[in-house]
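Visitor: Before anything else, here's the structure in question.
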Amino acid sequence: MKTIISGIVLAIVVFFGLQTVVPFPYGLILGIVFVGLIIWYTKKHSSSNKDSILNYRRVDPISEKEKKQNDEALRILEKKYIEEKISKEEYLKRKKEFEDIEYNPRKCNVCGSKEFEFVSDVDSESSDMGYYRCKKCGTQ
């Protein structure tokens with residue numbers, strides 16, 4: 001959110017800067033083009049703590065793709081510890097979170113089943129937007 005706000009402020013400054021320097025029709029056109037490019041770029045590249053391990057990790061990995069993603073997140077965590085970007089306590093705490101998820105999977109509140117399937121809110125298969133549904137009873 002902070003990135004989008006700073007992008008909008010930058011776009012406004014660039015727009016008015018071009019209006020004062022470049023003659024009327026060209027300054028307006030260039031200003032609109034630059035504002036559009038700046039806002040598009042900030043929306044595309046904004047993310048809350050994009051490099052955070054916990055944002056990358058999938059809770060209750062079900063599919064093979066999600067398990068591979070968790071393995072990659074654990075590898076990144078180990079790399080940050082080796083490069084001394086995080087302390088040993090932080091590394092052990094986050095590693096324990098990964099182990100808890102792997103060995104204590106989620107259970108359905110209704111039937112107690114451990115088998116879930118991911119239901120996408122969007123029509124495409126590659127979307128991360130959606131929810132998990134119990135394969136046995138169908139509850140979320």
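In the structure tokens, each chain is lettered A, B, ... as it comes, each chain's residues begin at 1, and ligands are numbered from 1 in order of appearance.
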Excluding Lys43 in chain A and any residue of its chain fewer than 6 positions from it, enumerate the residues within 9 Å of it, using only C-alpha atoms, and give them as JSON, numbers by chain.

Guide: {"A": [3, 4, 7]}

Visitor: Using Å and a single decimal, report how far CA of Asn109 in chain A sits from CA of Lys67 in chain A.

Guide: 22.8 Å

Visitor: As an exercise, work out the distance from CA of Gln19 in chain A to CA of Lys44 in chain A in Å and give it to one decimal place.

Guide: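 Going from CA of Gln19 in chain A over to CA of Lys44 in chain A, I get 26.1 Å.
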
Visitor: Fewer than 3 positions away in the same chain doesn't count, so skip those; otherwise give me all residues within 12 Å of range 29-41 of chain A, counting only C-alpha atoms, as a PDB file with all heavy atoms, in the first residue's frame.

Guide:
```
ATOM      1  N   THR A   3       3.756   1.562  -1.296  1.00  0.00           N
ATOM      2  CA  THR A   3       4.350   1.716  -2.628  1.00  0.00           C
ATOM      3  C   THR A   3       3.374   2.378  -3.585  1.00  0.00           C
ATOM      4  O   THR A   3       3.760   3.242  -4.382  1.00  0.00           O
ATOM      5  CB  THR A   3       4.754   0.342  -3.175  1.00  0.00           C
ATOM      6  OG1 THR A   3       5.535  -0.333  -2.210  1.00  0.00           O
ATOM      7  CG2 THR A   3       5.524   0.472  -4.454  1.00  0.00           C
ATOM      8  N   ILE A   4       2.110   1.994  -3.520  1.00  0.00           N
ATOM      9  CA  ILE A   4       1.102   2.577  -4.414  1.00  0.00           C
ATOM     10  C   ILE A   4       0.913   4.060  -4.118  1.00  0.00           C
ATOM     11  O   ILE A   4       0.843   4.881  -5.038  1.00  0.00           O
ATOM     12  CB  ILE A   4      -0.224   1.817  -4.286  1.00  0.00           C
ATOM     13  CG1 ILE A   4      -0.052   0.390  -4.811  1.00  0.00           C
ATOM     14  CG2 ILE A   4      -1.342   2.533  -5.033  1.00  0.00           C
ATOM     15  CD1 ILE A   4      -1.254  -0.498  -4.613  1.00  0.00           C
ATOM     16  N   ILE A   5       0.871   4.426  -2.842  1.00  0.00           N
ATOM     17  CA  ILE A   5       0.700   5.840  -2.477  1.00  0.00           C
ATOM     18  C   ILE A   5       1.893   6.657  -2.949  1.00  0.00           C
ATOM     19  O   ILE A   5       1.724   7.744  -3.520  1.00  0.00           O
ATOM     20  CB  ILE A   5       0.490   5.978  -0.954  1.00  0.00           C
ATOM     21  CG1 ILE A   5      -0.864   5.371  -0.569  1.00  0.00           C
ATOM     22  CG2 ILE A   5       0.570   7.436  -0.524  1.00  0.00           C
ATOM     23  CD1 ILE A   5      -1.101   5.277   0.907  1.00  0.00           C
ATOM     24  N   SER A   6       3.111   6.145  -2.737  1.00  0.00           N
ATOM     25  CA  SER A   6       4.283   6.890  -3.195  1.00  0.00           C
ATOM     26  C   SER A   6       4.312   6.969  -4.727  1.00  0.00           C
ATOM     27  O   SER A   6       4.757   7.962  -5.287  1.00  0.00           O
ATOM     28  CB  SER A   6       5.566   6.254  -2.664  1.00  0.00           C
ATOM     29  OG  SER A   6       5.680   4.937  -3.097  1.00  0.00           O
ATOM     30  N   GLY A   7       3.811   5.939  -5.422  1.00  0.00           N
ATOM     31  CA  GLY A   7       3.722   5.985  -6.880  1.00  0.00           C
ATOM     32  C   GLY A   7       2.756   7.044  -7.360  1.00  0.00           C
ATOM     33  O   GLY A   7       3.016   7.747  -8.344  1.00  0.00           O
ATOM     34  N   ILE A   8       1.617   7.158  -6.681  1.00  0.00           N
ATOM     35  CA  ILE A   8       0.628   8.181  -7.049  1.00  0.00           C
ATOM     36  C   ILE A   8       1.191   9.579  -6.812  1.00  0.00           C
ATOM     37  O   ILE A   8       1.030  10.471  -7.653  1.00  0.00           O
ATOM     38  CB  ILE A   8      -0.687   7.956  -6.282  1.00  0.00           C
ATOM     39  CG1 ILE A   8      -1.355   6.669  -6.785  1.00  0.00           C
ATOM     40  CG2 ILE A   8      -1.618   9.143  -6.419  1.00  0.00           C
ATOM     41  CD1 ILE A   8      -2.562   6.239  -5.980  1.00  0.00           C
ATOM     42  N   VAL A   9       1.874   9.774  -5.684  1.00  0.00           N
ATOM     43  CA  VAL A   9       2.482  11.089  -5.402  1.00  0.00           C
ATOM     44  C   VAL A   9       3.536  11.412  -6.456  1.00  0.00           C
ATOM     45  O   VAL A   9       3.583  12.543  -6.973  1.00  0.00           O
ATOM     46  CB  VAL A   9       3.093  11.095  -3.977  1.00  0.00           C
ATOM     47  CG1 VAL A   9       3.934  12.340  -3.750  1.00  0.00           C
ATOM     48  CG2 VAL A   9       1.993  11.003  -2.935  1.00  0.00           C
ATOM     49  N   LEU A  10       4.363  10.445  -6.803  1.00  0.00           N
ATOM     50  CA  LEU A  10       5.370  10.661  -7.842  1.00  0.00           C
ATOM     51  C   LEU A  10       4.709  11.000  -9.180  1.00  0.00           C
ATOM     52  O   LEU A  10       5.171  11.886  -9.908  1.00  0.00           O
ATOM     53  CB  LEU A  10       6.259   9.423  -7.994  1.00  0.00           C
ATOM     54  CG  LEU A  10       7.317   9.491  -9.085  1.00  0.00           C
ATOM     55  CD1 LEU A  10       8.351  10.556  -8.755  1.00  0.00           C
ATOM     56  CD2 LEU A  10       7.962   8.142  -9.282  1.00  0.00           C
ATOM     57  N   ALA A  11       3.624  10.297  -9.500  1.00  0.00           N
ATOM     58  CA  ALA A  11       2.917  10.560 -10.755  1.00  0.00           C
ATOM     59  C   ALA A  11       2.378  11.988 -10.789  1.00  0.00           C
ATOM     60  O   ALA A  11       2.457  12.668 -11.821  1.00  0.00           O
ATOM     61  CB  ALA A  11       1.784   9.559 -10.924  1.00  0.00           C
ATOM     62  N   ILE A  12       1.835  12.459  -9.686  1.00  0.00           N
ATOM     63  CA  ILE A  12       1.304  13.837  -9.627  1.00  0.00           C
ATOM     64  C   ILE A  12       2.437  14.846  -9.809  1.00  0.00           C
ATOM     65  O   ILE A  12       2.298  15.833 -10.555  1.00  0.00           O
ATOM     66  CB  ILE A  12       0.554  14.067  -8.304  1.00  0.00           C
ATOM     67  CG1 ILE A  12      -0.728  13.225  -8.300  1.00  0.00           C
ATOM     68  CG2 ILE A  12       0.236  15.538  -8.085  1.00  0.00           C
ATOM     69  CD1 ILE A  12      -1.440  13.182  -6.966  1.00  0.00           C
ATOM     70  N   VAL A  13       3.563  14.607  -9.138  1.00  0.00           N
ATOM     71  CA  VAL A  13       4.700  15.524  -9.257  1.00  0.00           C
ATOM     72  C   VAL A  13       5.209  15.557 -10.701  1.00  0.00           C
ATOM     73  O   VAL A  13       5.472  16.634 -11.252  1.00  0.00           O
ATOM     74  CB  VAL A  13       5.826  15.109  -8.277  1.00  0.00           C
ATOM     75  CG1 VAL A  13       7.115  15.858  -8.563  1.00  0.00           C
ATOM     76  CG2 VAL A  13       5.389  15.320  -6.845  1.00  0.00           C
ATOM     77  N   VAL A  14       5.330  14.386 -11.328  1.00  0.00           N
ATOM     78  CA  VAL A  14       5.798  14.328 -12.720  1.00  0.00           C
ATOM     79  C   VAL A  14       4.808  15.031 -13.642  1.00  0.00           C
ATOM     80  O   VAL A  14       5.197  15.782 -14.542  1.00  0.00           O
ATOM     81  CB  VAL A  14       6.020  12.857 -13.156  1.00  0.00           C
ATOM     82  CG1 VAL A  14       6.202  12.750 -14.658  1.00  0.00           C
ATOM     83  CG2 VAL A  14       7.214  12.263 -12.433  1.00  0.00           C
ATOM     84  N   PHE A  15       3.517  14.813 -13.411  1.00  0.00           N
ATOM     85  CA  PHE A  15       2.492  15.438 -14.253  1.00  0.00           C
ATOM     86  C   PHE A  15       2.593  16.958 -14.199  1.00  0.00           C
ATOM     87  O   PHE A  15       2.648  17.624 -15.235  1.00  0.00           O
ATOM     88  CB  PHE A  15       1.101  14.978 -13.820  1.00  0.00           C
ATOM     89  CG  PHE A  15      -0.006  15.561 -14.636  1.00  0.00           C
ATOM     90  CD1 PHE A  15      -0.274  15.086 -15.912  1.00  0.00           C
ATOM     91  CD2 PHE A  15      -0.776  16.602 -14.142  1.00  0.00           C
ATOM     92  CE1 PHE A  15      -1.296  15.622 -16.674  1.00  0.00           C
ATOM     93  CE2 PHE A  15      -1.797  17.141 -14.896  1.00  0.00           C
ATOM     94  CZ  PHE A  15      -2.055  16.653 -16.165  1.00  0.00           C
ATOM     95  N   PHE A  16       2.629  17.514 -12.995  1.00  0.00           N
ATOM     96  CA  PHE A  16       2.696  18.977 -12.882  1.00  0.00           C
ATOM     97  C   PHE A  16       4.052  19.511 -13.325  1.00  0.00           C
ATOM     98  O   PHE A  16       4.147  20.623 -13.865  1.00  0.00           O
ATOM     99  CB  PHE A  16       2.365  19.434 -11.460  1.00  0.00           C
ATOM    100  CG  PHE A  16       0.894  19.365 -11.170  1.00  0.00           C
ATOM    101  CD1 PHE A  16       0.409  18.499 -10.208  1.00  0.00           C
ATOM    102  CD2 PHE A  16      -0.013  20.140 -11.875  1.00  0.00           C
ATOM    103  CE1 PHE A  16      -0.949  18.420  -9.936  1.00  0.00           C
ATOM    104  CE2 PHE A  16      -1.370  20.076 -11.621  1.00  0.00           C
ATOM    105  CZ  PHE A  16      -1.833  19.204 -10.649  1.00  0.00           C
ATOM    106  N   GLY A  17       5.107  18.723 -13.132  1.00  0.00           N
ATOM    107  CA  GLY A  17       6.422  19.145 -13.620  1.00  0.00           C
ATOM    108  C   GLY A  17       6.452  19.253 -15.133  1.00  0.00           C
ATOM    109  O   GLY A  17       7.005  20.206 -15.692  1.00  0.00           O
ATOM    110  N   LEU A  18       5.843  18.287 -15.800  1.00  0.00           N
ATOM    111  CA  LEU A  18       5.788  18.344 -17.270  1.00  0.00           C
ATOM    112  C   LEU A  18       4.892  19.489 -17.740  1.00  0.00           C
ATOM    113  O   LEU A  18       5.153  20.087 -18.784  1.00  0.00           O
ATOM    114  CB  LEU A  18       5.288  17.018 -17.838  1.00  0.00           C
ATOM    115  CG  LEU A  18       6.313  15.886 -17.851  1.00  0.00           C
ATOM    116  CD1 LEU A  18       5.656  14.572 -18.229  1.00  0.00           C
ATOM    117  CD2 LEU A  18       7.425  16.219 -18.823  1.00  0.00           C
ATOM    118  N   GLN A  19       3.843  19.799 -16.996  1.00  0.00           N
ATOM    119  CA  GLN A  19       2.956  20.894 -17.373  1.00  0.00           C
ATOM    120  C   GLN A  19       3.673  22.239 -17.335  1.00  0.00           C
ATOM    121  O   GLN A  19       3.377  23.131 -18.129  1.00  0.00           O
ATOM    122  CB  GLN A  19       1.740  20.948 -16.436  1.00  0.00           C
ATOM    123  CG  GLN A  19       0.823  19.759 -16.545  1.00  0.00           C
ATOM    124  CD  GLN A  19       0.249  19.616 -17.937  1.00  0.00           C
ATOM    125  OE1 GLN A  19      -0.294  20.537 -18.506  1.00  0.00           O
ATOM    126  NE2 GLN A  19       0.398  18.424 -18.489  1.00  0.00           N
ATOM    127  N   THR A  20       4.615  22.383 -16.414  1.00  0.00           N
ATOM    128  CA  THR A  20       5.319  23.668 -16.297  1.00  0.00           C
ATOM    129  C   THR A  20       6.489  23.799 -17.267  1.00  0.00           C
ATOM    130  O   THR A  20       6.896  24.906 -17.586  1.00  0.00           O
ATOM    131  CB  THR A  20       5.845  23.863 -14.859  1.00  0.00           C
ATOM    132  OG1 THR A  20       6.707  22.782 -14.524  1.00  0.00           O
ATOM    133  CG2 THR A  20       4.711  23.951 -13.869  1.00  0.00           C
ATOM    134  N   VAL A  21       7.034  22.679 -17.744  1.00  0.00           N
ATOM    135  CA  VAL A  21       8.223  22.721 -18.590  1.00  0.00           C
ATOM    136  C   VAL A  21       7.884  22.602 -20.076  1.00  0.00           C
ATOM    137  O   VAL A  21       8.419  23.336 -20.902  1.00  0.00           O
ATOM    138  CB  VAL A  21       9.211  21.598 -18.175  1.00  0.00           C
ATOM    139  CG1 VAL A  21      10.407  21.555 -19.110  1.00  0.00           C
ATOM    140  CG2 VAL A  21       9.668  21.802 -16.748  1.00  0.00           C
ATOM    141  N   VAL A  22       6.991  21.694 -20.423  1.00  0.00           N
ATOM    142  CA  VAL A  22       6.689  21.402 -21.821  1.00  0.00           C
ATOM    143  C   VAL A  22       5.441  22.203 -22.235  1.00  0.00           C
ATOM    144  O   VAL A  22       4.494  22.332 -21.460  1.00  0.00           O
ATOM    145  CB  VAL A  22       6.459  19.880 -22.000  1.00  0.00           C
ATOM    146  CG1 VAL A  22       6.177  19.534 -23.444  1.00  0.00           C
ATOM    147  CG2 VAL A  22       7.665  19.108 -21.496  1.00  0.00           C
ATOM    148  N   PRO A  23       5.398  22.731 -23.473  1.00  0.00           N
ATOM    149  CA  PRO A  23       4.238  23.503 -23.931  1.00  0.00           C
ATOM    150  C   PRO A  23       2.941  22.694 -23.869  1.00  0.00           C
ATOM    151  O   PRO A  23       2.951  21.464 -23.869  1.00  0.00           O
ATOM    152  CB  PRO A  23       4.582  23.842 -25.385  1.00  0.00           C
ATOM    153  CG  PRO A  23       6.023  23.619 -25.538  1.00  0.00           C
ATOM    154  CD  PRO A  23       6.441  22.665 -24.479  1.00  0.00           C
ATOM    155  N   PHE A  24       1.809  23.409 -23.854  1.00  0.00           N
ATOM    156  CA  PHE A  24       0.490  22.850 -23.544  1.00  0.00           C
ATOM    157  C   PHE A  24       0.132  21.499 -24.158  1.00  0.00           C
ATOM    158  O   PHE A  24      -0.013  20.545 -23.411  1.00  0.00           O
ATOM    159  CB  PHE A  24      -0.610  23.870 -23.865  1.00  0.00           C
ATOM    160  CG  PHE A  24      -1.975  23.262 -23.822  1.00  0.00           C
ATOM    161  CD1 PHE A  24      -2.497  22.775 -22.643  1.00  0.00           C
ATOM    162  CD2 PHE A  24      -2.738  23.133 -24.961  1.00  0.00           C
ATOM    163  CE1 PHE A  24      -3.749  22.193 -22.594  1.00  0.00           C
ATOM    164  CE2 PHE A  24      -3.992  22.564 -24.923  1.00  0.00           C
ATOM    165  CZ  PHE A  24      -4.501  22.098 -23.738  1.00  0.00           C
ATOM    166  N   PRO A  25      -0.044  21.340 -25.423  1.00  0.00           N
ATOM    167  CA  PRO A  25      -0.596  20.040 -25.822  1.00  0.00           C
ATOM    168  C   PRO A  25       0.361  18.872 -25.553  1.00  0.00           C
ATOM    169  O   PRO A  25      -0.053  17.787 -25.183  1.00  0.00           O
ATOM    170  CB  PRO A  25      -0.875  20.192 -27.313  1.00  0.00           C
ATOM    171  CG  PRO A  25      -0.099  21.363 -27.769  1.00  0.00           C
ATOM    172  CD  PRO A  25       0.179  22.204 -26.578  1.00  0.00           C
ATOM    173  N   TYR A  26       1.667  19.132 -25.694  1.00  0.00           N
ATOM    174  CA  TYR A  26       2.630  18.051 -25.496  1.00  0.00           C
ATOM    175  C   TYR A  26       2.815  17.727 -24.016  1.00  0.00           C
ATOM    176  O   TYR A  26       2.979  16.563 -23.646  1.00  0.00           O
ATOM    177  CB  TYR A  26       3.974  18.422 -26.142  1.00  0.00           C
ATOM    178  CG  TYR A  26       3.828  18.797 -27.590  1.00  0.00           C
ATOM    179  CD1 TYR A  26       3.996  20.109 -28.023  1.00  0.00           C
ATOM    180  CD2 TYR A  26       3.489  17.826 -28.529  1.00  0.00           C
ATOM    181  CE1 TYR A  26       3.849  20.449 -29.355  1.00  0.00           C
ATOM    182  CE2 TYR A  26       3.337  18.163 -29.868  1.00  0.00           C
ATOM    183  CZ  TYR A  26       3.516  19.472 -30.273  1.00  0.00           C
ATOM    184  OH  TYR A  26       3.364  19.797 -31.582  1.00  0.00           O
ATOM    185  N   LYS A  44       1.861  -3.059 -10.385  1.00  0.00           N
ATOM    186  CA  LYS A  44       2.421  -4.358 -10.767  1.00  0.00           C
ATOM    187  C   LYS A  44       3.496  -4.820  -9.802  1.00  0.00           C
ATOM    188  O   LYS A  44       3.606  -6.008  -9.509  1.00  0.00           O
ATOM    189  CB  LYS A  44       2.982  -4.262 -12.182  1.00  0.00           C
ATOM    190  CG  LYS A  44       3.517  -5.570 -12.699  1.00  0.00           C
ATOM    191  CD  LYS A  44       3.922  -5.458 -14.142  1.00  0.00           C
ATOM    192  CE  LYS A  44       4.616  -6.732 -14.551  1.00  0.00           C
ATOM    193  NZ  LYS A  44       4.006  -7.415 -15.610  1.00  0.00           N
ATOM    194  N   HIS A  45       4.281  -3.914  -9.281  1.00  0.00           N
ATOM    195  CA  HIS A  45       5.426  -4.277  -8.448  1.00  0.00           C
ATOM    196  C   HIS A  45       5.201  -4.040  -6.960  1.00  0.00           C
ATOM    197  O   HIS A  45       6.138  -4.163  -6.182  1.00  0.00           O
ATOM    198  CB  HIS A  45       6.668  -3.515  -8.911  1.00  0.00           C
ATOM    199  CG  HIS A  45       7.155  -3.988 -10.232  1.00  0.00           C
ATOM    200  ND1 HIS A  45       6.710  -3.435 -11.408  1.00  0.00           N
ATOM    201  CD2 HIS A  45       8.001  -4.976 -10.573  1.00  0.00           C
ATOM    202  CE1 HIS A  45       7.290  -4.056 -12.407  1.00  0.00           C
ATOM    203  NE2 HIS A  45       8.075  -4.996 -11.942  1.00  0.00           N
ATOM    204  N   SER A  46       4.010  -3.702  -6.536  1.00  0.00           N
ATOM    205  CA  SER A  46       3.780  -3.492  -5.112  1.00  0.00           C
ATOM    206  C   SER A  46       3.382  -4.799  -4.451  1.00  0.00           C
ATOM    207  O   SER A  46       2.677  -5.621  -5.012  1.00  0.00           O
ATOM    208  CB  SER A  46       2.696  -2.446  -4.893  1.00  0.00           C
ATOM    209  OG  SER A  46       1.457  -2.965  -5.310  1.00  0.00           O
ATOM    210  N   SER A  47       3.873  -4.999  -3.255  1.00  0.00           N
ATOM    211  CA  SER A  47       3.554  -6.192  -2.475  1.00  0.00           C
ATOM    212  C   SER A  47       3.942  -5.927  -1.038  1.00  0.00           C
ATOM    213  O   SER A  47       4.897  -5.227  -0.758  1.00  0.00           O
ATOM    214  CB  SER A  47       4.323  -7.398  -3.003  1.00  0.00           C
ATOM    215  OG  SER A  47       4.129  -8.498  -2.164  1.00  0.00           O
TER     216      SER A  47
END
```

Visitor: Restricting the calculation to only C-alpha atoms: of A:Lys107, A:Lys95, A:Lys2, A:Lys79, which residue gets closest to Lys135 in chain A?

Guide: A:Lys107
